[in-house]
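Enquirer: Sharing query_37.tsv here; it has TSV, C-alpha atoms and all ligand atoms.
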```tsv
chain	number	residue	atom	x	y	z
A	1	MET	CA	3.96	-27.85	9.70
A	2	ASN	CA	6.47	-25.00	9.27
A	3	LYS	CA	6.29	-21.70	11.19
A	4	ILE	CA	4.44	-19.79	8.45
A	5	GLU	CA	1.85	-22.53	7.90
A	6	ALA	CA	1.17	-22.50	11.64
A	7	LEU	CA	0.21	-18.80	11.41
A	8	VAL	CA	-2.45	-19.45	8.75
A	9	ARG	CA	-6.12	-19.80	9.77
A	10	PRO	CA	-6.92	-23.54	9.83
A	11	ASN	CA	-9.88	-23.17	7.41
A	12	ILE	CA	-7.69	-21.28	4.90
A	13	ARG	CA	-4.91	-23.87	5.14
A	14	ILE	CA	-7.30	-26.51	3.76
A	15	LEU	CA	-9.36	-24.25	1.46
A	16	SER	CA	-10.30	-25.64	-1.96
A	17	PRO	CA	-10.20	-22.49	-4.10
A	18	TYR	CA	-12.61	-21.70	-6.91
A	19	SER	CA	-11.33	-23.14	-10.14
A	20	THR	CA	-12.03	-20.85	-13.09
A	21	ALA	CA	-13.31	-22.19	-16.41
A	22	ARG	CA	-9.94	-21.92	-18.12
A	23	ASP	CA	-7.72	-23.10	-15.25
A	24	GLU	CA	-8.62	-26.69	-16.07
A	25	CYS	CA	-7.93	-26.47	-19.81
A	26	GLN	CA	-4.66	-27.90	-21.23
A	27	GLY	CA	-5.13	-27.36	-25.01
A	28	THR	CA	-5.37	-24.14	-27.09
A	29	PRO	CA	-9.05	-23.91	-28.05
A	30	ASP	CA	-10.36	-21.12	-30.24
A	31	ILE	CA	-14.06	-21.58	-29.56
A	32	PHE	CA	-14.97	-20.66	-25.99
A	33	LEU	CA	-18.24	-22.21	-24.85
A	34	ASP	CA	-17.11	-22.89	-21.29
A	35	ALA	CA	-17.73	-19.73	-19.25
A	36	ASN	CA	-21.20	-18.51	-20.24
A	37	GLU	CA	-19.75	-15.26	-21.62
A	38	SER	CA	-21.29	-13.35	-24.49
A	39	PRO	CA	-19.75	-14.43	-27.82
A	40	TYR	CA	-20.06	-10.83	-29.10
A	41	PRO	CA	-16.97	-8.64	-28.49
A	42	GLY	CA	-18.74	-5.26	-28.14
A	43	ILE	CA	-15.97	-2.86	-27.11
A	44	GLY	CA	-13.58	-5.75	-26.44
A	45	TYR	CA	-14.34	-6.94	-22.93
A	46	ASN	CA	-16.69	-9.90	-23.45
A	47	ARG	CA	-14.15	-12.44	-22.13
A	48	TYR	CA	-13.15	-12.92	-18.49
A	49	PRO	CA	-9.62	-11.64	-17.78
A	50	ASP	CA	-6.65	-13.84	-16.89
A	51	PRO	CA	-7.23	-14.61	-13.17
A	52	ARG	CA	-3.45	-14.85	-12.53
A	53	GLN	CA	-2.49	-11.86	-14.74
A	54	LYS	CA	0.45	-13.77	-16.22
A	55	ALA	CA	1.52	-11.31	-18.94
A	56	LEU	CA	1.33	-8.28	-16.65
A	57	LYS	CA	3.15	-10.08	-13.86
A	58	GLN	CA	6.00	-11.02	-16.19
A	59	ARG	CA	6.43	-7.35	-17.06
A	60	ILE	CA	6.30	-6.38	-13.37
A	61	SER	CA	8.76	-9.16	-12.54
A	62	ALA	CA	11.27	-7.63	-14.99
A	63	ILE	CA	10.76	-4.12	-13.56
A	64	LYS	CA	10.86	-5.11	-9.89
A	65	GLY	CA	13.55	-7.82	-10.18
A	66	LEU	CA	11.60	-10.58	-8.39
A	67	PRO	CA	10.21	-13.87	-9.77
A	68	VAL	CA	6.54	-14.01	-10.80
A	69	GLU	CA	5.81	-16.54	-8.04
A	70	ASN	CA	6.74	-13.92	-5.43
A	71	ILE	CA	4.31	-11.33	-6.82
A	72	PHE	CA	0.61	-10.90	-6.02
A	73	LEU	CA	-1.56	-8.32	-7.80
A	74	GLY	CA	-4.56	-6.84	-6.03
A	75	ASN	CA	-7.38	-4.37	-6.57
A	76	GLY	CA	-5.21	-1.67	-4.97
A	77	SER	CA	-2.94	-2.55	-2.06
A	78	ASP	CA	-6.11	-2.23	0.02
A	79	GLU	CA	-7.07	-5.69	-1.28
A	80	ALA	CA	-3.77	-7.15	-0.06
A	81	ILE	CA	-4.27	-5.53	3.36
A	82	ASP	CA	-7.71	-7.14	3.69
A	83	LEU	CA	-6.33	-10.50	2.53
A	84	MET	CA	-3.75	-10.48	5.31
A	85	PHE	CA	-6.54	-10.49	7.91
A	86	ARG	CA	-8.64	-13.04	6.04
A	87	ILE	CA	-5.71	-15.44	5.62
A	88	PHE	CA	-3.98	-15.15	8.98
A	89	CYS	CA	-6.47	-13.96	11.60
A	90	THR	CA	-9.30	-16.01	13.06
A	91	PRO	CA	-12.07	-13.43	13.74
A	92	GLY	CA	-12.73	-12.70	17.40
A	93	GLN	CA	-9.57	-14.51	18.45
A	94	ASP	CA	-6.36	-13.33	16.75
A	95	ASN	CA	-4.90	-9.83	16.78
A	96	ALA	CA	-2.51	-7.60	14.85
A	97	VAL	CA	0.02	-5.00	16.01
A	98	ALA	CA	0.35	-1.74	14.07
A	99	ILE	CA	2.23	1.52	14.39
A	100	VAL	CA	0.22	4.68	15.24
A	101	PRO	CA	-0.35	7.02	13.48
A	102	SER	CA	-0.34	5.23	10.17
A	103	TYR	CA	-2.53	4.37	7.19
A	104	GLY	CA	-6.15	4.10	8.34
A	105	MET	CA	-7.08	1.00	6.34
A	106	TYR	CA	-5.10	-1.38	8.60
A	107	THR	CA	-7.62	-0.74	11.38
A	108	VAL	CA	-10.67	-0.56	9.11
A	109	ALA	CA	-9.81	-3.89	7.46
A	110	ALA	CA	-9.19	-5.37	10.92
A	111	ASP	CA	-12.53	-4.08	12.22
A	112	ILE	CA	-14.38	-5.54	9.22
A	113	ASN	CA	-12.74	-8.90	9.93
A	114	ASP	CA	-13.46	-8.67	13.69
A	115	VAL	CA	-9.76	-8.59	14.52
A	116	LYS	CA	-8.34	-6.34	17.25
A	117	VAL	CA	-5.45	-4.03	16.40
A	118	ARG	CA	-2.98	-3.22	19.14
A	119	GLY	CA	-1.80	0.24	18.17
A	120	VAL	CA	1.70	1.24	19.31
A	121	GLN	CA	2.52	4.95	19.13
A	122	LEU	CA	5.64	6.03	17.34
A	123	GLY	CA	8.15	8.14	19.25
A	124	ALA	CA	7.41	11.89	19.50
A	125	ASP	CA	9.70	12.39	16.45
A	126	PHE	CA	7.87	9.54	14.65
A	127	SER	CA	10.68	7.07	15.36
A	128	LEU	CA	10.06	3.31	15.37
A	129	PRO	CA	9.26	1.96	18.87
A	130	VAL	CA	10.94	-1.42	18.37
A	131	ASP	CA	10.77	-2.69	21.97
A	132	GLU	CA	7.15	-1.57	22.43
A	133	LEU	CA	6.11	-3.37	19.22
A	134	PHE	CA	7.53	-6.63	20.58
A	135	ALA	CA	5.95	-6.02	23.96
A	136	ALA	CA	2.50	-5.57	22.33
A	137	ALA	CA	2.57	-9.03	20.74
A	138	ASP	CA	1.21	-12.18	22.39
A	139	ALA	CA	0.47	-15.78	21.36
A	140	ASN	CA	-2.55	-14.64	19.29
A	141	THR	CA	-0.66	-11.94	17.36
A	142	LYS	CA	-0.48	-12.93	13.70
A	143	LEU	CA	0.45	-9.68	11.96
A	144	LEU	CA	2.61	-6.61	12.42
A	145	PHE	CA	1.82	-3.62	10.15
A	146	LEU	CA	4.66	-1.23	9.38
A	147	CYS	CA	4.59	1.57	6.83
A	148	SER	CA	7.80	3.10	5.46
A	149	PRO	CA	7.78	5.89	4.41
A	150	ASN	CA	4.95	6.23	6.88
A	151	ASN	CA	1.64	7.89	6.10
A	152	PRO	CA	0.93	10.53	7.50
A	153	SER	CA	4.31	11.35	9.08
A	154	GLY	CA	6.27	10.99	5.81
A	155	ASN	CA	9.46	9.55	7.32
A	156	ALA	CA	11.10	6.29	6.20
A	157	PHE	CA	12.52	4.05	8.92
A	158	GLU	CA	16.10	2.76	8.96
A	159	PRO	CA	16.33	-0.48	6.93
A	160	ALA	CA	18.51	-2.06	9.66
A	161	GLN	CA	15.77	-1.43	12.24
A	162	LEU	CA	13.08	-2.86	9.95
A	163	LEU	CA	15.20	-5.95	9.24
A	164	ASP	CA	15.73	-6.47	12.95
A	165	LEU	CA	11.95	-6.45	13.47
A	166	ILE	CA	11.36	-8.79	10.52
A	167	GLN	CA	13.98	-11.21	11.80
A	168	ARG	CA	12.73	-11.36	15.37
A	169	PHE	CA	8.95	-10.82	15.11
A	170	PRO	CA	7.03	-14.06	15.73
A	171	GLY	CA	4.28	-13.33	13.16
A	172	ILE	CA	3.93	-12.00	9.61
A	173	VAL	CA	5.46	-8.54	9.11
A	174	VAL	CA	3.52	-6.50	6.54
A	175	LEU	CA	5.76	-3.67	5.35
A	176	ASP	CA	3.75	-1.12	3.37
A	177	GLU	CA	6.05	0.63	0.89
A	178	ALA	CA	3.39	2.60	-0.99
A	179	TYR	CA	5.71	5.64	-1.01
A	180	ALA	CA	9.13	3.91	-1.31
A	181	ASP	CA	9.73	5.26	-4.83
A	182	PHE	CA	10.14	8.75	-3.33
A	183	SER	CA	12.61	7.65	-0.64
A	184	ALA	CA	16.39	7.52	-0.80
A	185	LYS	CA	16.21	4.59	1.61
A	186	GLY	CA	14.74	2.41	-1.18
A	187	SER	CA	12.80	-0.84	-0.85
A	188	LEU	CA	13.21	-4.07	1.12
A	189	ARG	CA	11.11	-6.10	-1.34
A	190	HIS	CA	14.03	-8.39	-2.25
A	191	LYS	CA	14.19	-9.52	1.37
A	192	VAL	CA	11.05	-11.62	0.81
A	193	LEU	CA	13.40	-14.20	-0.72
A	194	GLU	CA	15.23	-14.39	2.60
A	195	PHE	CA	12.43	-13.96	5.16
A	196	PRO	CA	9.29	-16.14	4.73
A	197	ASN	CA	7.36	-14.00	7.26
A	198	LEU	CA	7.80	-10.77	5.25
A	199	VAL	CA	5.07	-9.33	3.01
A	200	VAL	CA	6.01	-6.09	1.23
A	201	LEU	CA	3.17	-3.99	-0.19
A	202	GLN	CA	3.61	-1.52	-3.01
A	203	THR	CA	1.15	0.22	-5.30
A	204	PHE	CA	0.85	1.69	-8.78
A	205	SER	CA	-1.33	4.48	-7.31
A	206	LYS	CA	1.47	6.85	-6.31
A	207	ALA	CA	4.75	7.17	-8.28
A	208	TYR	CA	3.31	5.23	-11.24
A	209	GLY	CA	0.25	7.48	-11.55
A	210	MET	CA	-2.38	4.74	-11.91
A	211	ALA	CA	-4.62	5.30	-8.86
A	212	GLY	CA	-7.70	5.11	-11.10
A	213	LEU	CA	-6.78	1.63	-12.36
A	214	ARG	CA	-6.63	0.10	-8.85
A	215	LEU	CA	-3.46	-1.99	-8.92
A	216	GLY	CA	-1.62	-2.93	-5.77
A	217	LEU	CA	1.36	-5.24	-5.40
A	218	ALA	CA	2.40	-7.64	-2.71
A	219	PHE	CA	5.79	-9.34	-2.68
A	220	ALA	CA	6.12	-12.42	-0.52
A	221	ASN	CA	7.30	-15.98	-0.16
A	222	ALA	CA	5.66	-18.22	-2.83
A	223	TYR	CA	3.63	-20.06	-0.17
A	224	VAL	CA	2.07	-16.75	0.94
A	225	THR	CA	1.39	-15.44	-2.60
A	226	ASP	CA	-0.27	-18.79	-3.35
A	227	LEU	CA	-2.55	-18.36	-0.32
A	228	MET	CA	-3.40	-14.83	-1.49
A	229	ASN	CA	-4.27	-16.14	-4.96
A	230	ARG	CA	-6.52	-18.81	-3.47
A	231	VAL	CA	-8.44	-16.42	-1.24
A	232	LYS	CA	-8.85	-13.45	-3.64
A	233	TYR	CA	-11.86	-13.09	-5.94
A	234	PRO	CA	-11.04	-15.08	-9.08
A	235	TYR	CA	-11.04	-12.13	-11.50
A	236	ASN	CA	-9.83	-9.39	-9.15
A	237	ILE	CA	-8.00	-7.34	-11.83
A	238	SER	CA	-10.19	-6.37	-14.79
A	239	GLN	CA	-9.09	-6.85	-18.39
A	240	ALA	CA	-9.16	-3.05	-18.83
A	241	ALA	CA	-6.82	-2.55	-15.85
A	242	GLN	CA	-4.44	-5.31	-16.97
A	243	GLU	CA	-4.15	-3.87	-20.48
A	244	ALA	CA	-3.88	-0.24	-19.39
A	245	ALA	CA	-1.21	-1.05	-16.80
A	246	PHE	CA	0.79	-2.97	-19.39
A	247	ARG	CA	0.76	0.11	-21.62
A	248	ALA	CA	1.45	2.55	-18.77
A	249	LEU	CA	4.50	0.56	-17.71
A	250	GLU	CA	6.15	1.32	-21.07
A	251	ALA	CA	6.72	4.91	-19.93
A	252	PRO	CA	9.48	5.47	-17.36
A	253	VAL	CA	8.42	7.25	-14.16
A	254	GLN	CA	11.85	8.26	-12.87
A	255	ASP	CA	11.71	11.82	-14.28
A	256	LYS	CA	8.35	12.46	-12.62
A	257	VAL	CA	9.53	11.02	-9.32
A	258	GLU	CA	12.58	13.30	-9.45
A	259	GLU	CA	10.40	16.33	-10.15
A	260	ILE	CA	8.12	15.50	-7.22
A	261	VAL	CA	11.15	15.04	-4.93
A	262	ALA	CA	12.52	18.41	-6.10
A	263	GLN	CA	9.14	20.07	-5.52
A	264	ARG	CA	8.97	18.48	-2.08
A	265	ALA	CA	12.30	20.15	-1.25
A	266	ARG	CA	11.00	23.45	-2.62
A	267	LEU	CA	7.85	23.33	-0.46
A	268	ALA	CA	9.79	22.15	2.59
A	269	GLY	CA	12.14	25.12	2.11
A	270	THR	CA	9.39	27.70	1.55
A	271	LEU	CA	6.64	26.72	3.97
A	272	PRO	CA	8.54	27.59	7.21
A	273	SER	CA	8.66	31.26	6.15
A	274	PHE	CA	4.90	31.60	6.72
A	275	PRO	CA	4.33	32.89	10.27
A	276	PHE	CA	1.48	30.40	10.90
A	277	VAL	CA	3.66	27.37	10.00
A	278	LYS	CA	5.17	25.91	13.15
A	279	LYS	CA	6.91	22.85	11.75
A	280	VAL	CA	7.44	21.00	8.49
A	281	TRP	CA	8.28	17.38	9.20
A	282	PRO	CA	11.05	15.83	7.07
A	283	SER	CA	9.53	13.66	4.33
A	284	ASP	CA	10.67	10.69	2.26
A	285	ALA	CA	7.26	10.53	0.52
A	286	ASN	CA	5.24	12.61	-1.97
A	287	PHE	CA	3.59	14.63	0.78
A	288	LEU	CA	4.54	16.86	3.71
A	289	LEU	CA	3.11	16.85	7.21
A	290	VAL	CA	2.92	20.48	8.28
A	291	GLN	CA	2.07	21.75	11.75
A	292	VAL	CA	0.23	25.08	11.72
A	293	ASP	CA	-1.44	27.43	14.22
A	294	ASP	CA	-5.09	26.71	13.42
A	295	PRO	CA	-5.40	23.70	11.08
A	296	ASP	CA	-9.20	23.81	10.74
A	297	ARG	CA	-9.16	27.48	9.71
A	298	LEU	CA	-6.28	27.02	7.27
A	299	TYR	CA	-7.97	23.95	5.83
A	300	GLY	CA	-11.12	26.03	5.22
A	301	HIS	CA	-9.10	28.86	3.65
A	302	LEU	CA	-7.37	26.51	1.19
A	303	LEU	CA	-10.67	24.88	0.32
A	304	SER	CA	-12.22	28.28	-0.40
A	305	ASP	CA	-9.38	28.72	-2.93
A	306	GLY	CA	-10.26	25.35	-4.48
A	307	ILE	CA	-7.35	23.48	-2.87
A	308	ILE	CA	-8.08	20.34	-0.89
A	309	VAL	CA	-5.53	18.95	1.56
A	310	ARG	CA	-5.85	16.33	4.27
A	311	ASN	CA	-6.57	17.51	7.80
A	312	ARG	CA	-4.70	15.08	10.06
A	313	SER	CA	-4.88	17.25	13.19
A	314	ARG	CA	-7.02	14.73	15.09
A	315	GLN	CA	-4.55	11.87	14.60
A	316	PRO	CA	-2.29	10.87	17.51
A	317	LEU	CA	1.00	12.86	17.52
A	318	CYS	CA	-0.36	15.07	14.71
A	319	ALA	CA	-1.99	17.94	16.65
A	320	GLY	CA	-2.14	21.01	14.41
A	321	CYS	CA	-1.10	19.07	11.30
A	322	LEU	CA	-2.26	19.21	7.71
A	323	ARG	CA	-0.91	16.74	5.16
A	324	LEU	CA	-0.09	18.33	1.81
A	325	THR	CA	0.46	16.19	-1.28
A	326	VAL	CA	3.20	17.53	-3.57
A	327	GLY	CA	1.58	18.56	-6.85
A	328	THR	CA	2.89	19.83	-10.18
A	329	PRO	CA	5.09	22.98	-10.01
A	330	ARG	CA	2.02	25.02	-11.01
A	331	GLU	CA	-0.23	23.46	-8.42
A	332	ASN	CA	2.44	24.13	-5.81
A	333	ASP	CA	2.68	27.77	-7.01
A	334	ASN	CA	-1.07	28.05	-6.46
A	335	LEU	CA	-0.77	26.53	-2.99
A	336	LEU	CA	1.97	29.00	-2.00
A	337	GLN	CA	-0.01	31.93	-3.43
A	338	SER	CA	-3.08	30.88	-1.47
A	339	LEU	CA	-0.97	30.60	1.71
A	340	SER	CA	0.48	34.08	1.17
A	341	ARG	CA	-3.09	35.48	1.06
A	342	TYR	CA	-4.01	33.80	4.37
A	343	GLU	CA	-4.14	35.98	7.44
A	401	LIG	N1	-0.79	2.17	1.77
A	401	LIG	C1	-0.62	3.44	2.11
A	401	LIG	C2	0.40	3.78	3.12
A	401	LIG	C3	-1.43	4.43	1.55
A	401	LIG	O1	-1.25	5.70	1.92
A	401	LIG	C4	-2.39	4.07	0.60
A	401	LIG	C5	-3.34	5.06	-0.05
A	401	LIG	N2	-3.30	6.34	0.31
A	401	LIG	C6	-2.53	2.74	0.28
A	401	LIG	C7	-1.71	1.80	0.87
A	401	LIG	C8	-3.59	2.23	-0.68
A	401	LIG	O2	-3.17	2.28	-1.96
A	401	LIG	P1	-3.95	1.61	-3.14
A	401	LIG	O3	-4.39	2.73	-4.02
A	401	LIG	O4	-2.94	0.72	-3.81
A	401	LIG	O5	-5.10	0.81	-2.59
```
Let me see the structure of the file written as structure tokens.
Expert:
Amino acid sequence: MNKIEALVRPNIRILSPYSTARDECQGTPDIFLDANESPYPGIGYNRYPDPRQKALKQRISAIKGLPVENIFLGNGSDEAIDLMFRIFCTPGQDNAVAIVPSYGMYTVAADINDVKVRGVQLGADFSLPVDELFAAADANTKLLFLCSPNNPSGNAFEPAQLLDLIQRFPGIVVLDEAYADFSAKGSLRHKVLEFPNLVVLQTFSKAYGMAGLRLGLAFANAYVTDLMNRVKYPYNISQAAQEAAFRALEAPVQDKVEEIVAQRARLAGTLPSFPFVKKVWPSDANFLLVQVDDPDRLYGHLLSDGIIVRNRSRQPLCAGCLRLTVGTPRENDNLLQSLSRYE
């Protein structure tokens, strides 16, 4: 058994996955009486979708520059996060290490799966605590969750530091790159070809503007993507989502990403001039973490102007902080106008 197989839950290692009606078919039939579907098309969704999303994955493979066998598609990256626990962690026994503060779903998915998360606080400037992350791991640690650029701090970590962790960490390293399209530091997804313990998560919910379709990506060694395909629900991506994503991927997103990055710089330059803004943290993402005098009061003020932001002031290291997503130039104008009326 190799090192990655040894990390997999014994029951998952030997799982016989559900075999869908069409998996077993070799020919090219045109009458489908195998899956108890309705024979009437209605608005076009009477047939089950492709459980492996072959056509969409080929398109994604061309865009992302990785073979189809290294790509998993999930119902949002949240599905991939949950699958990590279900595949690698025996409930009540194994644990995961994660940076703090970070995306809340790592802990929620762990709690649902009865897996303990050992949270390791980032440095006061949100730097990566490499030694502490190693120190938190023991023989039952199966996963390490890293997020770069990190939510809610916004900073991307140095690729060399991340690679050092990936190389030396004894378990699976899940690197969540939901916001990598906005970062000059780029992506480490190609490193999955080199490191079998690396799983890189991305999403079509942010730069690609498809949050409503629910499409998350995981890049990993083919053995790991195969495990993810075996454990997922058979038809996890609907026909509607597969078709809509295919169409959406025709349009380039680079111009929108550049506009958001430019607007991020504009907000980061303007916000410090408000007397109640104490600090604007540097961001490599499509949001800014902003420390203010009275976050609850400012949150209420913005809401009364119809603007909702995320109050992160109760998160570790985030006292006083609101997280502001970068909007369109007009939405950002409205935000700044609302802030100038605040007293
Ligand atoms: N990872 C991070 C860091 C996120 O912030 C989010 C959503 N805010 C997600 C993953 C989940 O994305 P998805 O819509 O693909 O489930």
Enquirer: Give me, as a Markdown table, the closest atom pair and its distance (Å, one decimal) for every residue of chain A within a cut-off of 8 Å of ligand LIG 401 (chain A), counting all atoms listed in the file, rows sorted by chain and rising number.
Expert:
```
| residue | atom | partner | partner_atom | distance |
| --- | --- | --- | --- | --- |
| A:Asn75 | CA | A:LIG401 | O5 | 6.9 |
| A:Gly76 | CA | A:LIG401 | O5 | 3.4 |
| A:Ser77 | CA | A:LIG401 | O4 | 3.7 |
| A:Asp78 | CA | A:LIG401 | O5 | 4.1 |
| A:Glu79 | CA | A:LIG401 | O5 | 6.9 |
| A:Ser102 | CA | A:LIG401 | C2 | 7.2 |
| A:Tyr103 | CA | A:LIG401 | C2 | 5.0 |
| A:Met105 | CA | A:LIG401 | C7 | 7.7 |
| A:Cys147 | CA | A:LIG401 | C2 | 6.0 |
| A:Ser148 | CA | A:LIG401 | C2 | 7.8 |
| A:Pro149 | CA | A:LIG401 | C2 | 7.8 |
| A:Asn150 | CA | A:LIG401 | C2 | 6.4 |
| A:Asn151 | CA | A:LIG401 | C2 | 5.2 |
| A:Pro152 | CA | A:LIG401 | O1 | 7.7 |
| A:Asp176 | CA | A:LIG401 | N1 | 5.8 |
| A:Glu177 | CA | A:LIG401 | C2 | 6.8 |
| A:Ala178 | CA | A:LIG401 | N1 | 5.0 |
| A:Tyr179 | CA | A:LIG401 | C2 | 7.0 |
| A:Leu201 | CA | A:LIG401 | N1 | 7.6 |
| A:Gln202 | CA | A:LIG401 | O4 | 7.0 |
| A:Thr203 | CA | A:LIG401 | O4 | 4.4 |
| A:Phe204 | CA | A:LIG401 | O4 | 6.3 |
| A:Ser205 | CA | A:LIG401 | O3 | 4.8 |
| A:Lys206 | CA | A:LIG401 | O3 | 7.5 |
| A:Ala211 | CA | A:LIG401 | O3 | 5.5 |
| A:Arg214 | CA | A:LIG401 | O3 | 5.9 |
| A:Leu215 | CA | A:LIG401 | O4 | 5.8 |
| A:Gly216 | CA | A:LIG401 | O4 | 4.3 |
| A:Leu217 | CA | A:LIG401 | O4 | 7.5 |
```
Enquirer: Using only C-alpha atoms for the distances, tell me which of A:Ile260, A:Cys89, A:Leu133, A:Ala285 is nearest to Lys185 (chain A).
Expert: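 Of the candidates, the smallest distance to Lys185 (chain A) is held by A:Ala285.
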Enquirer: Within 10 Å of region 286-294 of chain A, which residues of region 308-330 of chain A come that close, and what is the closest atom pair and distance in Å for each? Count all atoms listed in the file and give it as a Markdown table.
Expert:
```
| residue | atom | partner | partner_atom | distance |
| --- | --- | --- | --- | --- |
| A:Arg310 | CA | A:Leu289 | CA | 9.4 |
| A:Asn311 | CA | A:Leu289 | CA | 9.7 |
| A:Arg312 | CA | A:Leu289 | CA | 8.5 |
| A:Ser313 | CA | A:Gln291 | CA | 8.4 |
| A:Cys318 | CA | A:Gln291 | CA | 7.7 |
| A:Ala319 | CA | A:Gln291 | CA | 7.4 |
| A:Gly320 | CA | A:Gln291 | CA | 5.0 |
| A:Cys321 | CA | A:Gln291 | CA | 4.2 |
| A:Leu322 | CA | A:Val290 | CA | 5.4 |
| A:Arg323 | CA | A:Leu289 | CA | 4.5 |
| A:Leu324 | CA | A:Leu288 | CA | 5.2 |
| A:Thr325 | CA | A:Phe287 | CA | 4.1 |
| A:Val326 | CA | A:Phe287 | CA | 5.2 |
| A:Gly327 | CA | A:Asn286 | CA | 8.5 |
```
Enquirer: Just the number, please: distance in Å from CA of Leu267 (chain A) to CA of Pro252 (chain A), one decimal.
Expert: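 These atoms are spaced 24.6 Å apart.
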Enquirer: Work out where the centre of an axis-aligned box around every listed atom of region 241-247 of chain A lies and how long its edges are once 3 Å is added on each side; give both in Å to one decimal as JSON.
Expert:
```
{"center_x": -3.0, "center_y": -2.6, "center_z": -18.7, "size_x": 13.6, "size_y": 11.4, "size_z": 11.8}
```
Enquirer: Can you pull out every residue within 10 Å of region 137-139 of chain A, counting all atoms listed in the file, but drop anything in the same chain fewer than 2 positions away, and send it as a PyMOL selection string?
Expert: chain A and resi 94-97+118+132-135+141-144+169-171
Enquirer: Could you save those same residues with C-alpha atoms as a short mmCIF file (atom, residue, chain, number, x, y, z; two decimals), keeping the file's coordinate frame?
Expert:
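As a result, selection_15.cif now contains:
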```cif
data_model
loop_
_atom_site.label_atom_id
_atom_site.label_comp_id
_atom_site.auth_asym_id
_atom_site.auth_seq_id
_atom_site.Cartn_x
_atom_site.Cartn_y
_atom_site.Cartn_z
CA ASP A 94 -6.36 -13.33 16.75
CA ASN A 95 -4.90 -9.83 16.78
CA ALA A 96 -2.51 -7.60 14.85
CA VAL A 97 0.02 -5.00 16.01
CA ARG A 118 -2.98 -3.22 19.14
CA GLU A 132 7.15 -1.57 22.43
CA LEU A 133 6.11 -3.37 19.22
CA PHE A 134 7.53 -6.63 20.58
CA ALA A 135 5.95 -6.02 23.96
CA THR A 141 -0.66 -11.94 17.36
CA LYS A 142 -0.48 -12.93 13.70
CA LEU A 143 0.45 -9.68 11.96
CA LEU A 144 2.61 -6.61 12.42
CA PHE A 169 8.95 -10.82 15.11
CA PRO A 170 7.03 -14.06 15.73
CA GLY A 171 4.28 -13.33 13.16
#
```
Enquirer: Could you state the separation of CA of Leu317 (chain A) and CA of Phe276 (chain A) in Å, given to one decimal place?
Expert: 18.8 Å
Enquirer: For Val231 (chain A), please output as a VMD selection string all residues within 8 Å (counting only C-alpha atoms; exclusion window: fewer than 5 positions along the same chain).
Expert: chain A and resid 12 17 83 87
Enquirer: Please dump the current selection as a short mmCIF file (atom, residue, chain, number, x, y, z; two decimals), in the coordinates of the input; keep C-alpha atoms.
Expert:
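As a result, again14.cif now contains:
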```
data_model
loop_
_atom_site.label_atom_id
_atom_site.label_comp_id
_atom_site.auth_asym_id
_atom_site.auth_seq_id
_atom_site.Cartn_x
_atom_site.Cartn_y
_atom_site.Cartn_z
CA ILE A 12 -7.69 -21.28 4.90
CA PRO A 17 -10.20 -22.49 -4.10
CA LEU A 83 -6.33 -10.50 2.53
CA ILE A 87 -5.71 -15.44 5.62
#
```
Enquirer: Between CA of Ser183 (chain A) and CA of Gln254 (chain A), what is the distance, to one decimal in Å?
Expert: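 Taking CA of Ser183 (chain A) and CA of Gln254 (chain A), their separation equals 12.3 Å.
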Enquirer: For Gln93 (chain A), which of A:Pro41, A:Lys116, A:Glu258, A:Asp284 is the closest residue, counting all atoms listed in the file?
Expert: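 Among A:Pro41, A:Lys116, A:Glu258, A:Asp284, it is A:Lys116 that comes nearest to Gln93 (chain A).
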Enquirer: Counting all atoms listed in the file, what is within 7 Å of region 35-38 of chain A, bar same-chain residues fewer than 6 positions away, as a list in words?
Expert: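 Contacts, in chain order: Ala21, Asn46 and Arg47 of chain A.
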Enquirer: Restricting the calculation to all atoms listed in the file, which member of A:Gly119, A:Ile43, A:Ala218, A:Asn140 is positioned closest to Val68 (chain A)?
Expert: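 The closest residue to Val68 (chain A) is A:Ala218.
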Enquirer: When distances are computed from only C-alpha atoms, which of A:Leu271, A:Lys278, A:Arg314, A:Val173 shows the smallest separation from Ser338 (chain A)?
Expert: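 Comparing A:Leu271, A:Lys278, A:Arg314, A:Val173 against Ser338 (chain A), the winner is A:Leu271.
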Enquirer: List every protein, DNA or RNA residue that has at least one atom no more than 12 Å from (-5.5, -4.9, -23.7) in the file's coordinates, counting all atoms listed in the file, and write the result as a PyMOL selection string.
Expert: chain A and resi 43-45+47+49-50+53+55-56+238-248
Enquirer: Let's have the selection written as an mmCIF file, keeping the file's coordinate frame, with C-alpha atoms.
Expert:
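Done, and the output landed in part36.cif:
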```
data_model
loop_
_atom_site.group_PDB
_atom_site.id
_atom_site.type_symbol
_atom_site.label_atom_id
_atom_site.label_comp_id
_atom_site.auth_asym_id
_atom_site.auth_seq_id
_atom_site.Cartn_x
_atom_site.Cartn_y
_atom_site.Cartn_z
ATOM 1 C CA ILE A 43 -15.970 -2.860 -27.110
ATOM 2 C CA GLY A 44 -13.580 -5.750 -26.440
ATOM 3 C CA TYR A 45 -14.340 -6.940 -22.930
ATOM 4 C CA ARG A 47 -14.150 -12.440 -22.130
ATOM 5 C CA PRO A 49 -9.620 -11.640 -17.780
ATOM 6 C CA ASP A 50 -6.650 -13.840 -16.890
ATOM 7 C CA GLN A 53 -2.490 -11.860 -14.740
ATOM 8 C CA ALA A 55 1.520 -11.310 -18.940
ATOM 9 C CA LEU A 56 1.330 -8.280 -16.650
ATOM 10 C CA SER A 238 -10.190 -6.370 -14.790
ATOM 11 C CA GLN A 239 -9.090 -6.850 -18.390
ATOM 12 C CA ALA A 240 -9.160 -3.050 -18.830
ATOM 13 C CA ALA A 241 -6.820 -2.550 -15.850
ATOM 14 C CA GLN A 242 -4.440 -5.310 -16.970
ATOM 15 C CA GLU A 243 -4.150 -3.870 -20.480
ATOM 16 C CA ALA A 244 -3.880 -0.240 -19.390
ATOM 17 C CA ALA A 245 -1.210 -1.050 -16.800
ATOM 18 C CA PHE A 246 0.790 -2.970 -19.390
ATOM 19 C CA ARG A 247 0.760 0.110 -21.620
ATOM 20 C CA ALA A 248 1.450 2.550 -18.770
#
```
